[in-house]
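Accompanying notes for the structure given below.
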Amino acid sequence: MTVSGPLPTRALGRDGPEITSIGFGAWAIGGGDWAYGWGAQDDADSVAAIRRALAHGVDWIDTAAVYGLGHSEEVVARALTGVTERPYVFTKCGMVWQDQPDGVPRPNLRPEEIRRECEDSLRRLGVDRIDLLQFHWPDNRTGTPVEESWGVMAELVAEGKVRWAGVSNFTVELLERCEPIHHVDSLQPPFNAIQREAGGELLDWCRDHGTGFIAYSPMMSGLLTDRFSRERVERMDANDWRRGFLHVFGEPALSRNLALRDALLPVAERHGTTVAAVAVAWVLAWPGVSGAIVGGRSPDQVDGWIGAAGVELGRDELEEVARAIEATGAGDGPLRPGLGAAAHG
């Protein structure tokens with residue numbers, strides 16, 4: 001599946017770059033040998049998937065230091081070797097595994113850790129400056145005030161080691177504390193037709209403050225795709241993190257969520273595309289969304305969702321999805337794209 005012509009672009013907030021409406025997500029290519037892995041992954045397939053996305057016109061990659069405990073960043077660097085027009089590379093910090101006896105990453109936004117992770121990511125990625133560095137999760141563990149953490153991020157921008165500064169999984173209250181210190185260029189929350197909470201006050205805040213909004217898991221970690229099934233869950237690798245995500249991949253939620261996935265099929269057929277592409281297009285239909293991060297473990301998977309950039313869902317189709325959400329009882333949050341309270345009816 002392809003998109004005719006260049007991929008559409010959107011602004012990443014008031015100060016950020018123009019980026020393609022979909023970006024390549026590099027979580028799964030970190031491999032399976034860590035606490036939040038997706039099971040075994042072949043690096044050659046990962047490199048091929050990234051290069052297929054770039055060939056389609058995708059101009060940004062989102063990774064994190066913690067994905068594969070550094071491995072994802074190394075694979076991204078390998079995939080970009082020899083690439084003449086390098087895409088934007090976004091990464092995240094603040095999930096530290098080095099100080100954990102059990103090796104399970106945990107939040108740590110101490111100033112010294114942020115600086116160490118920035119230097120480590122620069123080295124692994126093989127770049128002189130990180131295009132977008134994001135705090136991965138709030139630090140609810142070390143007692144570090146977010147103002148101290150964000151102050152270091154501002155310093156990294158001033159020093160030229162980071163171009164734009166963002167956060168992931170933050171609340172409005174934390175965003176309000178960061179903004180006076182240095183503009184929050186982007187927020188990255190989970191957002192899809194099942195996990196819809198970010199479509200309320202978080203999206204409103206970003207729109208009101210000129211902060212970009214890049215949605216992760218627009219296909220609900222693979223569930224809102226054509227070939228996903230209950231049997232697929234049963235066949236997942238033992239080290240696939242989704243096995244423990246019971247409020248999405250366990251019953252009774254799984255049946256509701258698969259019913260919603262099935263309800264997207266008629267929409268996909270009308271557009272001559274995939275359910276995966278419709279799921280991503282639904283995310284992109286919300287005013288204020290700058291882009292969606294879509295993962296790919298092989299070139300074929302990339303081909304399955306790249307068409308989302310060219311799918312525009314009409315008002316009637318968005319209402320059709322809202323009714324399906326109500327009928328299935330899948331997930332939580334606003335039902336339809338809109339501004340403020342209009343999204344909730």
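Naming scheme: A, B, ... for chains in displayed order of the structure tokens; residues 1 onward per chain; ligands 1 onward as shown.
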(message) With only C-alpha atoms as the counted atoms, please give the residues lying no more than 12 Å from Asp33 (chain A), apart from itself and same-chain residues fewer than 2 positions off, as an MDAnalysis selection string.
(response) chainID A and resid 28:31 35:41 66:72 103:104 237:241
(request) List every residue of region 7-177 of chain A that DSSP, applied to the backbone of this structure, assigns to strand (DSSP E), and report them as a VMD selection string. (result) chain A and resid 9 to 11 18 to 20 22 to 25 60 to 62 88 to 93 95 to 96 106 to 107 130 to 135 162 to 168
(message) For region 91-102 of chain A, find every residue with an atom within 7 Å (counting only C-alpha atoms), except residues of its own chain fewer than 2 positions away, and show them as a PyMOL selection string.
(response) chain A and resi 62-66+89+104-109+114+117+132-137
Go ahead and save the picked residues with N, CA and C atoms, as a short mmCIF file (atom, residue, chain, number, x, y, z; two decimals), in the first residue's frame.
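Produced file part.cif, reproduced below:
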data_model
loop_
_atom_site.label_atom_id
_atom_site.label_comp_id
_atom_site.auth_asym_id
_atom_site.auth_seq_id
_atom_site.Cartn_x
_atom_site.Cartn_y
_atom_site.Cartn_z
N ASP A 62 10.93 7.50 16.20
CA ASP A 62 10.83 7.67 17.64
C ASP A 62 11.35 6.42 18.34
N THR A 63 12.36 6.60 19.18
CA THR A 63 12.92 5.49 19.93
C THR A 63 13.06 5.92 21.39
N ALA A 64 13.80 5.15 22.18
CA ALA A 64 14.06 5.49 23.58
C ALA A 64 15.28 4.73 24.03
N ALA A 65 15.99 5.33 24.99
CA ALA A 65 17.17 4.65 25.53
C ALA A 65 16.81 3.29 26.11
N VAL A 66 15.66 3.20 26.74
CA VAL A 66 15.29 1.98 27.46
C VAL A 66 14.85 0.84 26.54
N VAL A 89 15.38 12.28 14.45
CA VAL A 89 15.46 11.17 15.40
C VAL A 89 15.03 11.69 16.77
N VAL A 104 15.00 -4.34 35.98
CA VAL A 104 13.74 -3.77 35.48
C VAL A 104 13.85 -2.25 35.49
N PRO A 105 13.65 -1.58 34.35
CA PRO A 105 13.79 -0.12 34.30
C PRO A 105 12.75 0.57 35.18
N ARG A 106 13.19 1.65 35.81
CA ARG A 106 12.28 2.44 36.65
C ARG A 106 12.58 3.93 36.43
N PRO A 107 11.57 4.78 36.66
CA PRO A 107 11.75 6.22 36.40
C PRO A 107 12.85 6.82 37.27
N ASN A 108 13.66 7.68 36.67
CA ASN A 108 14.69 8.42 37.39
C ASN A 108 15.01 9.66 36.58
N LEU A 109 14.56 10.81 37.06
CA LEU A 109 14.80 12.08 36.38
C LEU A 109 15.72 12.99 37.19
N ILE A 114 19.79 12.48 33.76
CA ILE A 114 19.37 13.03 32.48
C ILE A 114 20.58 13.34 31.61
N GLU A 117 22.21 10.04 30.42
CA GLU A 117 21.45 9.38 29.37
C GLU A 117 21.54 10.14 28.04
N LEU A 132 14.72 15.57 19.14
CA LEU A 132 13.72 15.74 20.20
C LEU A 132 14.06 14.76 21.32
N LEU A 133 14.38 15.30 22.49
CA LEU A 133 14.62 14.46 23.66
C LEU A 133 13.41 14.62 24.58
N GLN A 134 12.88 13.50 25.06
CA GLN A 134 11.66 13.50 25.85
C GLN A 134 11.88 12.77 27.18
N PHE A 135 11.31 13.29 28.25
CA PHE A 135 11.23 12.53 29.49
C PHE A 135 10.23 11.41 29.26
N HIS A 136 10.64 10.18 29.54
CA HIS A 136 9.82 9.02 29.18
C HIS A 136 8.60 8.87 30.10
N TRP A 137 8.82 8.95 31.39
CA TRP A 137 7.74 8.85 32.38
C TRP A 137 8.02 9.83 33.51
#
(request) Would you list, as a ChimeraX atom specification, the residues of region 45-153 of chain A that end up in helix (DSSP H, G or I) under DSSP run on this structure's backbone? (result) /A:45-55,71-80,111-125,146-153
